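Colleague: Provided below: query-v7.txt, containing compact mmCIF, C-alpha atoms (C1' of nucleotides).
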```txt
# COMPACT_ATOMS: atom_id res chain seq x y z
CA MET A 1 0.56 -61.41 8.68
CA THR A 2 -1.07 -61.77 5.25
CA SER A 3 -4.43 -63.40 5.56
CA GLN A 4 -6.88 -65.04 3.19
CA ASP A 5 -10.01 -63.64 4.83
CA ASP A 6 -12.15 -61.08 3.12
CA ASP A 7 -12.67 -58.90 6.16
CA PHE A 8 -10.77 -55.78 5.20
CA ASP A 9 -12.65 -52.92 3.63
CA PRO A 10 -10.32 -50.68 1.66
CA ARG A 11 -12.57 -47.74 2.48
CA ASP A 12 -11.15 -47.95 5.99
CA PHE A 13 -7.58 -47.88 4.69
CA LEU A 14 -5.82 -45.07 6.54
CA PRO A 15 -3.84 -43.71 3.58
CA TYR A 16 -7.10 -43.52 1.66
CA LEU A 17 -8.91 -41.68 4.45
CA LEU A 18 -5.94 -39.39 4.92
CA ASN A 19 -5.81 -38.50 1.26
CA ARG A 20 -9.50 -37.79 1.07
CA ALA A 21 -9.47 -35.62 4.17
CA ALA A 22 -6.36 -33.81 2.96
CA ASP A 23 -7.93 -33.09 -0.42
CA ALA A 24 -11.24 -32.02 1.08
CA SER A 25 -9.69 -29.77 3.68
CA SER A 26 -7.25 -28.13 1.26
CA LEU A 27 -9.75 -27.28 -1.43
CA GLU A 28 -11.27 -24.15 0.05
CA PHE A 29 -8.03 -22.67 1.23
CA GLN A 30 -6.38 -23.43 -2.07
CA ALA A 31 -9.12 -21.48 -3.83
CA ILE A 32 -8.36 -18.48 -1.64
CA TYR A 33 -4.63 -18.17 -2.25
CA LYS A 34 -5.13 -18.93 -5.89
CA ALA A 35 -7.75 -16.22 -6.28
CA ARG A 36 -5.98 -13.59 -4.18
CA TYR A 37 -2.37 -14.04 -5.21
CA GLY A 38 -2.42 -16.36 -8.19
CA ILE A 39 -0.13 -18.87 -6.53
CA LEU A 40 -0.14 -22.66 -6.41
CA ARG A 41 0.19 -25.03 -3.50
CA THR A 42 3.96 -25.35 -3.63
CA GLU A 43 4.32 -21.59 -3.88
CA TRP A 44 2.12 -21.12 -0.83
CA ARG A 45 4.26 -23.60 1.05
CA VAL A 46 7.48 -21.86 0.13
CA LEU A 47 5.91 -18.55 1.12
CA PHE A 48 4.89 -19.83 4.48
CA HIS A 49 8.22 -21.38 5.28
CA LEU A 50 9.97 -18.13 4.48
CA GLY A 51 7.39 -16.12 6.39
CA LEU A 52 7.76 -18.33 9.40
CA PHE A 53 11.49 -18.89 9.49
CA GLY A 54 12.89 -15.92 7.62
CA GLY A 55 15.77 -16.41 5.19
CA MET A 56 16.43 -19.96 4.08
CA THR A 57 17.87 -21.78 1.11
CA ALA A 58 15.73 -23.73 -1.34
CA LYS A 59 17.32 -26.93 -0.09
CA GLU A 60 16.25 -26.25 3.49
CA ILE A 61 12.68 -25.48 2.49
CA GLY A 62 12.52 -28.69 0.53
CA ALA A 63 13.89 -30.71 3.41
CA ARG A 64 11.50 -29.24 5.94
CA ALA A 65 8.43 -29.39 3.76
CA GLY A 66 9.21 -32.67 2.03
CA ILE A 67 9.11 -31.14 -1.44
CA HIS A 68 11.36 -32.11 -4.32
CA LYS A 69 14.01 -29.62 -5.38
CA THR A 70 12.66 -29.16 -8.91
CA LYS A 71 9.28 -28.19 -7.56
CA ILE A 72 10.93 -25.75 -5.17
CA SER A 73 13.08 -24.33 -7.93
CA ARG A 74 10.09 -23.58 -10.12
CA ALA A 75 8.00 -22.25 -7.25
CA VAL A 76 10.83 -19.92 -6.24
CA ALA A 77 11.17 -18.67 -9.81
CA ARG A 78 7.48 -17.83 -9.96
CA LEU A 79 7.47 -16.16 -6.56
CA GLU A 80 10.45 -14.11 -7.64
CA GLN A 81 8.68 -13.05 -10.84
CA ARG A 82 5.76 -11.87 -8.77
CA ARG A 83 8.22 -10.00 -6.53
CA PHE A 84 7.27 -11.96 -3.44
CA LEU A 85 10.83 -12.99 -2.68
CA SER A 86 14.42 -12.10 -3.52
CA ARG A 87 17.56 -14.18 -3.73
CA THR A 88 20.98 -13.46 -2.31
CA ARG A 89 23.91 -15.56 -3.39
CA ASP A 90 26.07 -16.64 -0.45
CA ARG A 91 29.56 -15.19 -0.26
CA ARG A 92 31.02 -18.28 1.39
CA ASP A 93 29.41 -20.87 -0.80
CA ARG A 94 28.33 -19.51 -4.13
CA ARG A 95 26.23 -22.54 -4.94
CA ARG A 96 23.74 -21.57 -2.26
CA GLU A 97 21.29 -18.71 -2.38
CA THR A 98 19.38 -17.42 0.57
CA LEU A 99 15.76 -16.60 -0.11
CA ALA A 100 13.85 -13.90 1.72
CA LEU A 101 10.41 -12.38 1.38
CA THR A 102 10.00 -8.90 -0.01
CA GLY A 103 7.50 -6.47 1.53
CA ALA A 104 4.82 -7.75 -0.82
CA GLY A 105 5.73 -11.32 0.03
CA ARG A 106 5.46 -10.66 3.72
CA ALA A 107 2.12 -8.92 3.28
CA ALA A 108 0.79 -11.93 1.38
CA TYR A 109 2.16 -14.26 4.02
CA ASN A 110 0.54 -12.32 6.84
CA ASP A 111 -2.76 -12.23 5.04
CA LEU A 112 -2.77 -15.92 4.21
CA ARG A 113 -1.59 -16.90 7.65
CA ASP A 114 -4.64 -15.14 9.06
CA VAL A 115 -6.92 -16.87 6.60
CA ALA A 116 -5.29 -20.18 7.53
CA ARG A 117 -5.80 -19.48 11.20
CA ASP A 118 -9.50 -18.81 10.68
CA TYR A 119 -9.92 -21.79 8.44
CA ASP A 120 -8.14 -24.00 10.93
CA ALA A 121 -10.44 -22.69 13.64
CA ALA A 122 -13.44 -23.75 11.56
CA LEU A 123 -12.05 -27.26 11.22
CA VAL A 124 -11.32 -27.42 14.92
CA GLY A 125 -14.89 -26.30 15.51
CA ASP A 126 -16.08 -29.41 13.67
CA LEU A 127 -14.00 -31.72 15.80
CA GLY A 128 -13.75 -30.10 19.19
CA THR A 129 -10.57 -28.56 20.53
CA GLU A 130 -9.34 -31.58 22.41
CA GLU A 131 -9.98 -33.99 19.57
CA ALA A 132 -8.29 -31.65 17.12
CA GLU A 133 -5.15 -31.61 19.24
CA ARG A 134 -5.21 -35.38 19.31
CA LEU A 135 -5.54 -35.37 15.55
CA ARG A 136 -2.55 -33.10 15.07
CA ALA A 137 -0.46 -35.31 17.32
CA MET A 138 -1.42 -38.43 15.39
CA LEU A 139 -0.75 -36.83 12.03
CA ARG A 140 2.69 -35.76 13.19
CA GLN A 141 3.41 -39.23 14.42
CA LEU A 142 2.37 -40.82 11.14
CA THR A 143 4.58 -38.40 9.24
CA ARG A 144 7.56 -38.85 11.52
CA GLY A 145 9.90 -41.57 10.34
CA ARG A 146 7.93 -42.08 7.16
CA SER A 147 8.81 -38.95 5.26
CA MET B 1 -12.50 -13.74 13.79
CA THR B 2 -9.42 -12.49 11.95
CA SER B 3 -6.75 -11.37 14.36
CA GLN B 4 -3.62 -9.28 14.14
CA ASP B 5 -1.59 -11.38 16.56
CA ASP B 6 1.28 -13.48 15.44
CA ASP B 7 0.37 -16.54 17.43
CA PHE B 8 -0.51 -19.00 14.70
CA ASP B 9 2.14 -21.34 13.43
CA PRO B 10 1.32 -22.58 9.94
CA ARG B 11 3.07 -25.81 10.78
CA ASP B 12 0.04 -26.61 12.93
CA PHE B 13 -2.36 -25.93 10.10
CA LEU B 14 -4.55 -28.99 9.77
CA PRO B 15 -4.66 -29.13 5.96
CA TYR B 16 -0.86 -29.01 5.99
CA LEU B 17 -0.55 -31.79 8.54
CA LEU B 18 -3.15 -33.83 6.70
CA ASN B 19 -1.36 -33.46 3.40
CA ARG B 20 1.99 -34.42 4.86
CA ALA B 21 0.60 -37.46 6.64
CA ALA B 22 -1.31 -38.48 3.52
CA ASP B 23 1.81 -38.22 1.36
CA ALA B 24 4.01 -39.98 3.87
CA SER B 25 1.59 -42.82 4.46
CA SER B 26 0.83 -43.34 0.77
CA LEU B 27 4.39 -43.47 -0.43
CA GLU B 28 5.29 -47.02 0.46
CA PHE B 29 2.04 -48.52 -0.66
CA GLN B 30 2.14 -46.55 -3.88
CA ALA B 31 5.56 -48.00 -4.61
CA ILE B 32 4.14 -51.49 -4.23
CA TYR B 33 1.24 -51.26 -6.64
CA LYS B 34 3.36 -49.36 -9.07
CA ALA B 35 6.12 -51.96 -9.00
CA ARG B 36 3.84 -55.01 -9.05
CA TYR B 37 1.16 -53.94 -11.49
CA GLY B 38 2.40 -50.76 -13.11
CA ILE B 39 -0.65 -48.79 -12.04
CA LEU B 40 -1.10 -45.28 -10.69
CA ARG B 41 -3.07 -44.04 -7.73
CA THR B 42 -6.33 -43.40 -9.56
CA GLU B 43 -6.09 -46.81 -11.20
CA TRP B 44 -5.63 -48.46 -7.82
CA ARG B 45 -8.66 -46.63 -6.54
CA VAL B 46 -10.81 -47.71 -9.44
CA LEU B 47 -9.57 -51.25 -8.99
CA PHE B 48 -10.43 -51.30 -5.34
CA HIS B 49 -13.89 -49.86 -5.83
CA LEU B 50 -14.65 -52.50 -8.42
CA GLY B 51 -13.13 -55.23 -6.30
CA LEU B 52 -15.16 -54.17 -3.31
CA PHE B 53 -18.51 -53.43 -4.90
CA GLY B 54 -18.49 -55.47 -8.08
CA GLY B 55 -19.84 -53.96 -11.29
CA MET B 56 -20.29 -50.21 -11.30
CA THR B 57 -20.30 -47.38 -13.79
CA ALA B 58 -17.48 -44.86 -14.05
CA LYS B 59 -19.82 -42.20 -12.73
CA GLU B 60 -20.56 -44.15 -9.57
CA ILE B 61 -16.89 -44.77 -8.88
CA GLY B 62 -16.16 -41.10 -9.31
CA ALA B 63 -18.97 -40.10 -6.99
CA ARG B 64 -17.95 -42.52 -4.26
CA ALA B 65 -14.24 -41.84 -4.46
CA GLY B 66 -14.46 -38.12 -5.12
CA ILE B 67 -12.50 -38.37 -8.37
CA HIS B 68 -13.19 -36.29 -11.46
CA LYS B 69 -14.69 -38.08 -14.44
CA THR B 70 -11.78 -37.36 -16.75
CA LYS B 71 -9.37 -39.01 -14.35
CA ILE B 72 -11.70 -41.99 -14.06
CA SER B 73 -12.04 -42.17 -17.82
CA ARG B 74 -8.30 -42.37 -18.34
CA ALA B 75 -7.75 -44.76 -15.45
CA VAL B 76 -10.43 -47.08 -16.85
CA ALA B 77 -8.85 -46.96 -20.30
CA ARG B 78 -5.47 -47.98 -18.88
CA LEU B 79 -6.93 -50.73 -16.72
CA GLU B 80 -8.76 -52.04 -19.75
CA GLN B 81 -5.56 -52.06 -21.78
CA ARG B 82 -3.90 -54.11 -19.09
CA ARG B 83 -6.89 -56.46 -19.14
CA PHE B 84 -7.80 -55.75 -15.53
CA LEU B 85 -11.36 -54.80 -16.33
CA SER B 86 -13.97 -55.09 -19.06
CA ARG B 87 -16.82 -52.83 -20.08
CA THR B 88 -20.39 -53.74 -20.87
CA ARG B 89 -22.66 -51.19 -22.43
CA ASP B 90 -26.08 -51.07 -20.81
CA ARG B 91 -29.04 -52.28 -22.88
CA ARG B 92 -31.45 -49.86 -21.22
CA ASP B 93 -29.29 -46.76 -21.34
CA ARG B 94 -26.60 -46.97 -23.92
CA ARG B 95 -24.72 -43.99 -22.53
CA ARG B 96 -23.75 -46.00 -19.48
CA GLU B 97 -21.24 -48.79 -19.32
CA THR B 98 -20.86 -51.16 -16.43
CA LEU B 99 -17.30 -51.94 -15.46
CA ALA B 100 -16.23 -55.24 -13.97
CA LEU B 101 -12.90 -56.80 -13.04
CA THR B 102 -11.47 -59.61 -15.11
CA GLY B 103 -9.79 -62.59 -13.45
CA ALA B 104 -6.47 -60.80 -13.59
CA GLY B 105 -8.07 -57.67 -12.17
CA ARG B 106 -9.58 -59.58 -9.30
CA ALA B 107 -6.28 -61.29 -8.57
CA ALA B 108 -4.54 -57.93 -8.44
CA TYR B 109 -7.26 -56.54 -6.23
CA ASN B 110 -7.04 -59.43 -3.80
CA ASP B 111 -3.29 -59.15 -3.64
CA LEU B 112 -3.27 -55.40 -3.08
CA ARG B 113 -6.11 -55.56 -0.59
CA ASP B 114 -3.98 -57.92 1.49
CA VAL B 115 -0.99 -55.64 1.23
CA ALA B 116 -3.20 -52.71 2.23
CA ARG B 117 -4.52 -54.64 5.20
CA ASP B 118 -1.02 -55.39 6.43
CA TYR B 119 0.16 -51.88 5.82
CA ASP B 120 -2.84 -50.48 7.64
CA ALA B 121 -2.10 -52.78 10.54
CA ALA B 122 1.42 -51.36 10.73
CA LEU B 123 0.07 -47.82 10.90
CA VAL B 124 -2.43 -48.83 13.55
CA GLY B 125 0.45 -50.38 15.43
CA ASP B 126 2.10 -46.97 15.57
CA LEU B 127 -0.97 -45.30 16.98
CA GLY B 128 -2.73 -47.91 19.05
CA THR B 129 -6.02 -49.51 18.04
CA GLU B 130 -8.27 -47.16 19.91
CA GLU B 131 -6.51 -44.03 18.73
CA ALA B 132 -6.53 -45.30 15.16
CA GLU B 133 -10.30 -45.73 15.29
CA ARG B 134 -10.63 -42.22 16.58
CA LEU B 135 -8.46 -41.03 13.73
CA ARG B 136 -10.59 -42.75 11.10
CA ALA B 137 -13.72 -41.21 12.58
CA MET B 138 -12.20 -37.74 12.53
CA LEU B 139 -10.96 -38.11 8.98
CA ARG B 140 -14.41 -39.18 7.83
CA GLN B 141 -15.94 -36.24 9.59
CA LEU B 142 -13.55 -33.77 7.98
CA THR B 143 -14.28 -35.24 4.58
CA ARG B 144 -18.04 -35.26 5.07
CA GLY B 145 -19.70 -32.12 3.83
CA ARG B 146 -16.45 -30.81 2.42
CA SER B 147 -15.97 -33.06 -0.55
C1' DA C 1 48.10 -27.78 -8.08
C1' DG C 2 45.17 -31.28 -10.42
C1' DC C 3 41.64 -34.78 -10.19
C1' DT C 4 37.36 -36.70 -8.57
C1' DA C 5 33.22 -36.78 -6.05
C1' DA C 6 29.52 -34.38 -4.03
C1' DC C 7 26.34 -30.63 -3.85
C1' DA C 8 22.83 -26.48 -4.96
C1' DG C 9 20.06 -25.41 -8.16
C1' DT C 10 18.21 -25.38 -13.11
C1' DT C 11 16.47 -27.15 -17.39
C1' DG C 12 14.35 -30.29 -21.12
C1' DA C 13 11.56 -34.01 -22.36
C1' DA C 14 8.05 -37.22 -21.20
C1' DT C 15 4.08 -38.08 -18.24
C1' DT C 16 0.13 -36.67 -15.76
C1' DT C 17 -3.45 -33.56 -14.57
C1' DG C 18 -7.07 -29.92 -15.12
C1' DT C 19 -10.41 -27.25 -17.84
C1' DA C 20 -13.44 -26.87 -21.46
C1' DA C 21 -15.38 -28.36 -25.30
C1' DC C 22 -17.09 -32.20 -27.47
C1' DT C 23 -20.00 -36.72 -28.99
C1' DA C 24 -23.63 -39.76 -28.34
C1' DA C 25 -27.73 -41.01 -25.96
C1' DC C 26 -31.82 -40.16 -23.44
C1' DA C 27 -35.98 -37.42 -21.63
C1' DA C 28 -39.50 -34.00 -21.36
C1' DG C 29 -42.49 -30.67 -23.41
C1' DC C 30 -44.82 -29.16 -27.14
C1' DG D 1 -41.83 -36.04 -34.38
C1' DC D 2 -39.03 -32.20 -33.20
C1' DT D 3 -36.76 -29.04 -30.25
C1' DT D 4 -34.35 -28.16 -25.79
C1' DG D 5 -31.96 -29.67 -21.86
C1' DT D 6 -29.45 -33.09 -19.40
C1' DT D 7 -26.39 -36.94 -18.77
C1' DA D 8 -22.22 -40.54 -19.43
C1' DG D 9 -18.16 -40.58 -21.08
C1' DT D 10 -14.19 -38.97 -24.17
C1' DT D 11 -10.87 -35.90 -26.07
C1' DA D 12 -7.96 -31.69 -27.08
C1' DC D 13 -5.10 -28.40 -25.32
C1' DA D 14 -2.78 -26.02 -21.70
C1' DA D 15 -0.66 -26.28 -17.24
C1' DA D 16 1.78 -28.83 -13.77
C1' DT D 17 4.74 -32.66 -12.25
C1' DT D 18 8.35 -36.06 -12.63
C1' DC D 19 12.84 -37.89 -13.92
C1' DA D 20 17.18 -37.52 -15.71
C1' DA D 21 20.66 -34.93 -17.33
C1' DC D 22 22.91 -30.70 -16.92
C1' DT D 23 25.83 -26.20 -15.05
C1' DG D 24 28.50 -24.15 -11.80
C1' DT D 25 30.74 -24.56 -7.32
C1' DT D 26 32.97 -26.55 -3.35
C1' DA D 27 35.62 -30.15 -0.82
C1' DG D 28 38.69 -33.91 -0.34
C1' DC D 29 42.50 -36.53 -1.84
C1' DT D 30 46.93 -37.35 -3.75
```
Is it possible to express this structure as structure tokens?
Modeller:
Amino acid sequence: MTSQDDDFDPRDFLPYLLNRAADASSLEFQAIYKARYGILRTEWRVLFHLGLFGGMTAKEIGARAGIHKTKISRAVARLEQRRFLSRTRDRRDRRRETLALTGAGRAAYNDLRDVARDYDAALVGDLGTEEAERLRAMLRQLTRGRS
Amino acid sequence: MTSQDDDFDPRDFLPYLLNRAADASSLEFQAIYKARYGILRTEWRVLFHLGLFGGMTAKEIGARAGIHKTKISRAVARLEQRRFLSRTRDRRDRRRETLALTGAGRAAYNDLRDVARDYDAALVGDLGTEEAERLRAMLRQLTRGRS
DNA sequence: AGCTAACAGTTGAATTTGTAACTAACAAGC
DNA sequence: GCTTGTTAGTTACAAATTCAACTGTTAGCT
């Protein structure tokens, strides 16, 4: 497959384009949750997994979101400090602790979910509804089996 | 625009899907340039801009790639240490220095460009050629005006 | 029971990044 | 020529991330 020709422009490289679009599209939203709740990207992700699925362990969040356990551990500690979540140690298996949002955590989740919805709508507006759906499908496919 | 309904699933959020696909699709390639040349992502990006466009200043690379000048500065320093690039201070404006790949730098660029081409082809294989072109166009559009 | 391996989660040290302040060089106005 | 403002690039310090080693707990095997 490897060729000698000089006909490949790395600016077209999909991982490059994906990274740039990901960075660009995250920037504004990131500024919002940082300003409103003083949280970082990993913390927002933990928040949204708990908001969406209810109680989960750190391990499960990491597995679903593709985030390393040390990052989760530190994000959970900070969210706990800010009283956005609480931990409950499992009776059956005392290594595991189930995480759940507090009232404040759920309020933040609901707020940010709404902001995300609006922001997503703006992006979809740029692309057209049908194209945006195509995009989501392709992004899921690229992630599947590779993460 | 903001709604009270509960009908938005953050797993569909485009920045989230973009970030996951970007991470997933970068991982393998990242492992390759790290293992072969001991370089990081920003260093690879600097390398590929220089390989593609020839001599440029750090500022220009940063502007084109959307990378902050401090990251560029450190990436350039490391690439210089590894003898992948050399600097030439401009006669006309002695604040500026033009960067250019050395022989070793060009060899690394050529090698990695080929790897990138093959890797890109594998991703395109997953999506289909036409869909992949659509994807690139959408990613460029999302980046445009937002970065 | 006693031993070993695996697992959930945390922590410390080294690396990397981000923010702001800095140096050196140029440019424009007076 | 001298001030003031801007620019290219670097650096210092704080914050975040990674990697490996660690604690405490469970499960399996003999």
Colleague: Compile the contact shell of C:DA20 as a list in words: residues with an atom at most 12 Å away, counting only C-alpha atoms (C1' of nucleotides), same-chain residues fewer than 4 positions apart removed.
Modeller: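 Residues meeting the cut-off are Thr70 of chain B; DT11, DA12, DC13 and DA14 of chain D.
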Colleague: Could you superimpose chain A onto chain B using all C-alpha atoms, paired one by one in order, and tell me the resulting RMSD in Å?
Modeller: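 Root-mean-square deviation of the C-alpha atoms: 0.2 Å.
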Colleague: At most 9 Å is the cut-off: for each residue in chain B with any atom that close to an atom of chain C, write down the nearest atom pair and the distance in Å rounded to one decimal, counting all atoms listed in the file, chain first then increasing number, as JSON lines.
Modeller:
```
{"residue": "B:Thr70", "atom": "CA", "partner": "C:DG18", "partner_atom": "C1'", "distance": 9.0}
{"residue": "B:Lys71", "atom": "CA", "partner": "C:DT17", "partner_atom": "C1'", "distance": 8.0}
{"residue": "B:Asp93", "atom": "CA", "partner": "C:DC26", "partner_atom": "C1'", "distance": 7.4}
{"residue": "B:Arg94", "atom": "CA", "partner": "C:DA25", "partner_atom": "C1'", "distance": 6.4}
{"residue": "B:Arg95", "atom": "CA", "partner": "C:DA25", "partner_atom": "C1'", "distance": 5.5}
```
Colleague: Name the residues in contact with stretch 55-65 of chain A at a cut-off of 6 Å, using all atoms listed in the file, excluding same-chain residues fewer than 6 positions from it; report them as an mmCIF file with C-alpha atoms, keeping the file's coordinate frame.
Modeller:
```
data_model
loop_
_atom_site.group_PDB
_atom_site.id
_atom_site.type_symbol
_atom_site.label_atom_id
_atom_site.label_comp_id
_atom_site.auth_asym_id
_atom_site.auth_seq_id
_atom_site.Cartn_x
_atom_site.Cartn_y
_atom_site.Cartn_z
ATOM 1 C CA GLU A 97 21.290 -18.710 -2.380
ATOM 2 C CA THR A 98 19.380 -17.420 0.570
ATOM 3 C CA LEU A 99 15.760 -16.600 -0.110
ATOM 4 C CA ALA A 100 13.850 -13.900 1.720
#
```
Colleague: For chain A against chain D, which residues fall within 12 Å using only C-alpha atoms (C1' of nucleotides), given as a PDB file with C-alpha atoms, keeping the file's coordinate frame?
Modeller:
```pdb
ATOM      1  CA  LEU A  40      -0.140 -22.660  -6.410  1.00  0.00           C
ATOM      2  CA  ARG A  41       0.190 -25.030  -3.500  1.00  0.00           C
ATOM      3  CA  THR A  42       3.960 -25.350  -3.630  1.00  0.00           C
ATOM      4  CA  ILE A  67       9.110 -31.140  -1.440  1.00  0.00           C
ATOM      5  CA  HIS A  68      11.360 -32.110  -4.320  1.00  0.00           C
ATOM      6  CA  LYS A  69      14.010 -29.620  -5.380  1.00  0.00           C
ATOM      7  CA  THR A  70      12.660 -29.160  -8.910  1.00  0.00           C
ATOM      8  CA  LYS A  71       9.280 -28.190  -7.560  1.00  0.00           C
ATOM      9  CA  ILE A  72      10.930 -25.750  -5.170  1.00  0.00           C
ATOM     10  CA  ARG A  74      10.090 -23.580 -10.120  1.00  0.00           C
ATOM     11  CA  ALA A  75       8.000 -22.250  -7.250  1.00  0.00           C
ATOM     12  CA  ARG A  89      23.910 -15.560  -3.390  1.00  0.00           C
ATOM     13  CA  ASP A  90      26.070 -16.640  -0.450  1.00  0.00           C
ATOM     14  CA  ARG A  91      29.560 -15.190  -0.260  1.00  0.00           C
ATOM     15  CA  ARG A  92      31.020 -18.280   1.390  1.00  0.00           C
ATOM     16  CA  ASP A  93      29.410 -20.870  -0.800  1.00  0.00           C
ATOM     17  CA  ARG A  94      28.330 -19.510  -4.130  1.00  0.00           C
ATOM     18  CA  ARG A  95      26.230 -22.540  -4.940  1.00  0.00           C
ATOM     19  CA  ARG A  96      23.740 -21.570  -2.260  1.00  0.00           C
TER      20      ARG A  96
END
```
Colleague: I need the contact residues of chain A against chain B, so if you could list those with any atom within 8 Å, counting only C-alpha atoms, and return them as a ChimeraX atom specification, that would help.
Modeller: /A:1-4,8-10,12-26,48,52,66,113-118,120,123,126-127,135-136,138-143,146-147
Colleague: What does the structure give for the distance between atom CA of B:Ala107 and atom CA of B:Ser73, in Å to one decimal?
Modeller: 22.0 Å
Colleague: Mind giving me the straight-line distance from atom CA of A:Thr102 to atom CA of A:Leu85 in Å, one decimal?
Modeller: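 Atom CA of A:Thr102 sits 5.0 Å away from atom CA of A:Leu85.
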Colleague: Quick one: distance from atom CA of B:Gly38 to atom CA of B:Ala104 in Å, one decimal?
Modeller: 13.4 Å
Colleague: Find the axis-aligned box for stretch 19-23 of chain D, covering all its listed atoms and adding 3 Å on each side, and write its centre and edge lengths in Å to one decimal as JSON.
Modeller:
```
{"center_x": 19.3, "center_y": -32.0, "center_z": -15.6, "size_x": 19.0, "size_y": 17.7, "size_z": 9.4}
```
